[in-house]
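What follows is a set of notes on a single structure, which appears directly below.
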There are 2 protein chains.
Amino acid sequence: MARNTQVSADQNAPPVTQMLARFVATHPGYLERGWSDAVDHEAHRTLLNWLGCAVGAAQHEAARAALAAVKLLQPASQASVLGRTDKVDMASAALLNGISSHTFDFDDTHLKTIIHPAGPVASALLALAERTQASGRDLIDALVLGIDVSCRVGNAIYPDHYDRGWHITGSTGTLGAAAGCARLIKLDTQKATMALGIAASQPVGMREQFGSMTKPFHPGAAARAGLMSALLAQQGFTASARALEAARGFMQTVSTKNDWNEISSELGQRFEISFNSYKPFACGIVIHPAIDACCQLRDQGVAPDQVERIELRAHSLVLELTGKKEPQDGLQAKFSVYHGCAAGLTFGRAAEAEFSDEIVRRSDMQALRRKVFATVDDSIDEASADVTAVLRDGRHVHVFVEHAIGSLQRPMSDEQLEAKFHGLTDQALGREPTQRLLKACWRVGHSPDVRELVDLACPSVD
Amino acid sequence: MARNTQVSADQNAPPVTQMLARFVATHPGYLERGWSDAVDHEAHRTLLNWLGCAVGAAQHEAARAALAAVKLLQPASQASVLGRTDKVDMASAALLNGISSHTFDFDDTHLKTIIHPAGPVASALLALAERTQASGRDLIDALVLGIDVSCRVGNAIYPDHYDRGWHITGSTGTLGAAAGCARLIKLDTQKATMALGIAASQPVGMREQFGSMTKPFHPGAAARAGLMSALLAQQGFTASARALEAARGFMQTVSTKNDWNEISSELGQRFEISFNSYKPFACGIVIHPAIDACCQLRDQGVAPDQVERIELRAHSLVLELTGKKEPQDGLQAKFSVYHGCAAGLTFGRAAEAEFSDEIVRRSDMQALRRKVFATVDDSIDEASADVTAVLRDGRHVHVFVEHAIGSLQRPMSDEQLEAKFHGLTDQALGREPTQRLLKACWRVGHSPDVRELVDLACPSVD
């Protein structure tokens, strides 16, 4: 007990737990001009993208196994499992929807921290909102504020926190979910402080889990823990009011970098949800520029059977991470820039379907992948790609992508988000119901009861 | 993404996740001579001490608030909240019983790591055993193995892990709970590996929470997470099979000290539950020698009204941590060696009741505390105390305690554990029902269904 302990502890950290709690409890909502129309629209885009991912993966084996475990608890029918007909208690719904929303790794990305912010926050909020019959307006307000909390904490501790092994989506997600839920059930500053405090003891997720079902489990478990933290605080459960910043609190325990200023700077003026991005392609972001380039070749009329070879020049990192030349199944194909190029040129897209085992194993795809020749060129940025199609008739068609579609510089349009959504949900819900769901999603800020939205996100029982 | 990451990562760590999973899945139980009678008896003592603590704190405000939050989920009636008439789903029962068992800080201690091992492991196991109608024998076997897992992981990462801010009871407890539950539901090595892997992403607890309800929340949340990890694995959910030891796995992420040998050494031969200890006094262990000394003075016939003054010599740490001379309430009194001495001399004990606000505020206790004079003497070990009572008639009565009662050197006897148990549960259950409960606890290894024990640990409904 007399042992010297960690020397670097900052004993004078600013009271960021209370600062964030007060922000969440008291910042005016959108209708009171708490933020701009642009921020509010981005929140709708975030919700829509998250919802499509959650519905799309609802039949995945990870979702099935998690639901089977939850059913052993004989849960009450309080909230919906998106994309399914099952109802479970609201905390389990947060867990399950969080898992399915991240299963395809197709959800949103806060690029500065590589946090996937909607998974934990939206999953907790929609389940709680359904149970409490909250309005769509309150849901969106809570989403803006909850995501601000997790991403600001992320900004303060990234990259050290991520480098040492934490899956930052789950470790900061509990805080964002607790903050959002505190807002939704209208906790005051004192109780919101307790909610953040309870959440601070429950970071979720190690990077070693990447490639297993436990990766998408992280945002799900964070959603559940955050939701329960808010309910515990509501019922009078207590925590340290300095749980985030204290020497033995969350932030100093999980990171040696703690830039407190990232939390306080422009709080309530700059909203981190503004910097959210959405993936057009269902794979790691490092392949996106090459896929984008091949989609553009296709748009310019280049067809696979015209192609003699594809010459790709890219940063060394691209080949290091995604250099698998002969992928054998869908999972391997997600780490193959060769398959990405073949899919882009053949289909003009690379959503979850284009990474199915069936498509990956098609002989035309195998042949096309073998025509892709990649050269390392570190003068090309990681975010860029240089692609030349050499055609049988001798022509060269060249495309240079500086920033891929889906980046902050070239965000997906609302229409592109809708197309992605259709690709994820049409099979589960049908095309026409998906259109109604999309419409409800864009208009959710005007809905008096989020159950209107939720009902459309589940297949009808008969 | 090209950034250099933590340099110290050990890429060649031994496969301890699978090693522990195989141990849990395949080690012979007590009836197959998997461990000695002494180890098995210690497991019964561990269960008994944990059960008394859980029943004793069942009406505490922390337990009430947590139960109120859980009830918002409308839980099924699957398992008992100990010391109450409420039934909840088994995962919530694990949470709630884990919270109450640590609320008085009166539970067991694995001294090498200061882990309180029973809280997470026993709370998960008893809830699961009640729901699955397991035998008492299977419960005890799972308890021995589950505690071995959490304490061995603790040995490997302590003290660095604790020093940086983790409440090691909750952070390793998830693993112990998952391991025990995996055993109880008879997962094979492969699925037990997955259970440990899922649990590895869910460490719970920061030391900053000490003094708030979130401290006892840690073993409760760890119990719940561990139980759910086993159920998820049972249903086919996957995790990394190297989730503990990998460079970005649990152990290297939460500690820079990783002594892998602590996990493999004498696995299946030496059982960490053998080194479990139980507190005779309801306060921090650093005051125990002084209280013990004052109890011994009382046994020697020294009465408070005979005392002119008490001269205490103790290590500086004792005064540093518990030097509060005039405590105003029960919580403050737990950090007052002066109150500890006064309680020992007056009552011959210092259980939860002797730290009540009422007793702390009594005028005779105030007066007696003022008669205690403490002197720092660093030649005296932290585990020892030197006390002299100077009586009004001029006599000096001297007691030197080298190791306090409750230490590994002077463990509490079974009878002393029973007396402690009565002090915790008589009020809630009645003295005679407590005696039946104690009997059932000692004999649980012979019980075909743990519900016999559980029913006795809850007050009858009418």
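In the structure tokens, chains take the letters A, B, ... in the order shown, each chain's residues start at 1, and ligands count up from 1 in the order shown.
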As a PyMOL selection string, could you give me every residue of chain A near chain B (at most 8 Å apart, counting only C-alpha atoms)?
chain A and resi 2+5-6+62+65-66+68-69+73-76+78+89-91+163-166+198+200-215+218+228+231-232+234-240+242-243+246-250+252-254+317
Write out as a list of chain:residue names the residues lying within 6 Å of range 184-191 of chain A, counting only C-alpha atoms and excluding same-chain residues fewer than 5 positions away.
A:Ala21, A:Arg22, A:Ala25, A:Ala142, A:Ala233
Please run DSSP on the backbone and report, as an MDAnalysis selection string, all residues within range 196-426 of chain A that come out as strand (DSSP E or B).
chainID A and resid 206 267 270 276:278 307:314 323 336 372:376 385:391 396:401
Include C-alpha atoms and write out the residues we just selected as a short mmCIF file (atom, residue, chain, number, x, y, z; two decimals), in the first residue's frame.
```cif
data_model
loop_
_atom_site.label_atom_id
_atom_site.label_comp_id
_atom_site.auth_asym_id
_atom_site.auth_seq_id
_atom_site.Cartn_x
_atom_site.Cartn_y
_atom_site.Cartn_z
CA MET A 206 -10.05 -4.47 -27.13
CA LEU A 267 -18.44 23.20 -26.35
CA ARG A 270 -18.77 23.11 -32.58
CA ASN A 276 -19.21 12.24 -39.12
CA SER A 277 -18.69 10.31 -42.36
CA TYR A 278 -20.43 7.33 -43.98
CA VAL A 307 -9.87 -4.72 -70.07
CA GLU A 308 -6.36 -6.03 -70.73
CA ARG A 309 -5.11 -4.95 -67.32
CA ILE A 310 -5.72 -2.46 -64.50
CA GLU A 311 -2.68 -0.58 -63.22
CA LEU A 312 -3.12 0.64 -59.65
CA ARG A 313 -0.65 2.96 -57.93
CA ALA A 314 -1.23 3.40 -54.21
CA GLY A 323 -2.85 -6.98 -50.39
CA SER A 336 -8.27 -7.43 -50.97
CA VAL A 372 -5.16 -5.88 -61.44
CA PHE A 373 -1.48 -4.98 -60.98
CA ALA A 374 -0.66 -2.91 -57.92
CA THR A 375 2.46 -0.77 -57.55
CA VAL A 376 3.53 0.89 -54.32
CA ALA A 385 -5.46 6.24 -55.67
CA ASP A 386 -4.18 6.37 -59.23
CA VAL A 387 -5.75 3.86 -61.63
CA THR A 388 -5.20 3.28 -65.34
CA ALA A 389 -7.23 0.81 -67.36
CA VAL A 390 -5.30 -0.56 -70.32
CA LEU A 391 -7.87 -1.82 -72.83
CA HIS A 396 -5.51 3.90 -71.75
CA VAL A 397 -8.21 5.33 -69.48
CA HIS A 398 -6.82 7.11 -66.44
CA VAL A 399 -8.56 8.13 -63.19
CA PHE A 400 -6.97 9.83 -60.23
CA VAL A 401 -9.01 9.95 -57.00
#
```
So that I can check the surroundings of Ser101 in chain A, please list as a PyMOL selection string every protein, DNA and RNA residue that reaches within 7 Å of it, counting only C-alpha atoms and ignoring chain neighbours fewer than 4 positions away.
chain A and resi 50+53-54+57+97+107+119
Written selection (N, CA and C atoms) as a compact mmCIF listing (two decimals), in the first residue's frame:
```txt
# COMPACT_ATOMS: atom_id res chain seq x y z
N TRP A 50 -27.08 4.59 -39.70
CA TRP A 50 -27.02 3.59 -38.62
C TRP A 50 -28.19 2.60 -38.73
N CYS A 53 -27.77 0.04 -41.50
CA CYS A 53 -26.80 -0.99 -41.13
C CYS A 53 -27.39 -1.99 -40.14
N ALA A 54 -28.15 -1.49 -39.17
CA ALA A 54 -28.71 -2.37 -38.14
C ALA A 54 -29.75 -3.31 -38.75
N ALA A 57 -28.13 -6.13 -41.07
CA ALA A 57 -27.39 -7.25 -40.48
C ALA A 57 -28.23 -8.04 -39.48
N ASN A 97 -29.25 -4.15 -31.14
CA ASN A 97 -29.18 -3.23 -32.28
C ASN A 97 -27.78 -2.65 -32.44
N ASP A 107 -20.86 1.09 -40.87
CA ASP A 107 -21.51 2.22 -40.21
C ASP A 107 -20.65 3.48 -40.31
N GLY A 119 -23.29 3.69 -33.35
CA GLY A 119 -23.54 2.36 -32.78
C GLY A 119 -23.92 2.41 -31.31
```
With distances taken over only C-alpha atoms, which residue among B:Gly284, B:Gly34, B:Gly394, B:Pro448 lies nearest Gly340 in chain B?
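Looking at the shortest contact to Gly340 in chain B, the residue is B:Gly284.
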Could you check how far CA of Arg369 in chain A sits from CA of Asp393 in chain A, in Å to one decimal?
19.8 Å
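Using only C-alpha atoms for every distance, the candidate list B:Ala353, B:Leu51, B:Ala118, B:Ile168 yields B:Leu51 as the residue closest to Cys441 in chain B.
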So which residues touch Arg45 in chain B within 10 Å, counting only C-alpha atoms, skipping near sequence neighbours fewer than 3 positions away, as a PyMOL selection string?
chain B and resi 39-42+48-51+108+273+276-278+412-414+417-418+441-442
Which residues come within 6 Å of Ala350 in chain B, counting only C-alpha atoms, excluding same-chain residues fewer than 4 positions away, as a PDB file with N, CA and C atoms, in the first residue's frame?
```pdb
ATOM      1  N   PHE B 281     -13.558  -7.216  10.677  1.00  0.00           N
ATOM      2  CA  PHE B 281     -13.997  -5.858  10.993  1.00  0.00           C
ATOM      3  C   PHE B 281     -14.427  -5.151   9.708  1.00  0.00           C
ATOM      4  N   ALA B 343     -14.333   1.107  19.469  1.00  0.00           N
ATOM      5  CA  ALA B 343     -15.312   0.042  19.236  1.00  0.00           C
ATOM      6  C   ALA B 343     -14.792  -1.293  19.765  1.00  0.00           C
ATOM      7  N   GLU B 354     -21.239  -1.593  14.431  1.00  0.00           N
ATOM      8  CA  GLU B 354     -20.384  -0.716  15.243  1.00  0.00           C
ATOM      9  C   GLU B 354     -19.882   0.493  14.448  1.00  0.00           C
TER      10      GLU B 354
END
```
Which is closer to Met19 in chain A than all the others in A:Ser265, A:Gln328, A:Gln300, A:Ser36, using only C-alpha atoms?
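Nearest candidate to Met19 in chain A out of A:Ser265, A:Gln328, A:Gln300, A:Ser36: A:Ser265.
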Which residue of B:Gln416, B:Ser407, B:Ser363, B:Ser135 approaches Thr109 in chain B most closely, using only C-alpha atoms:
B:Ser407
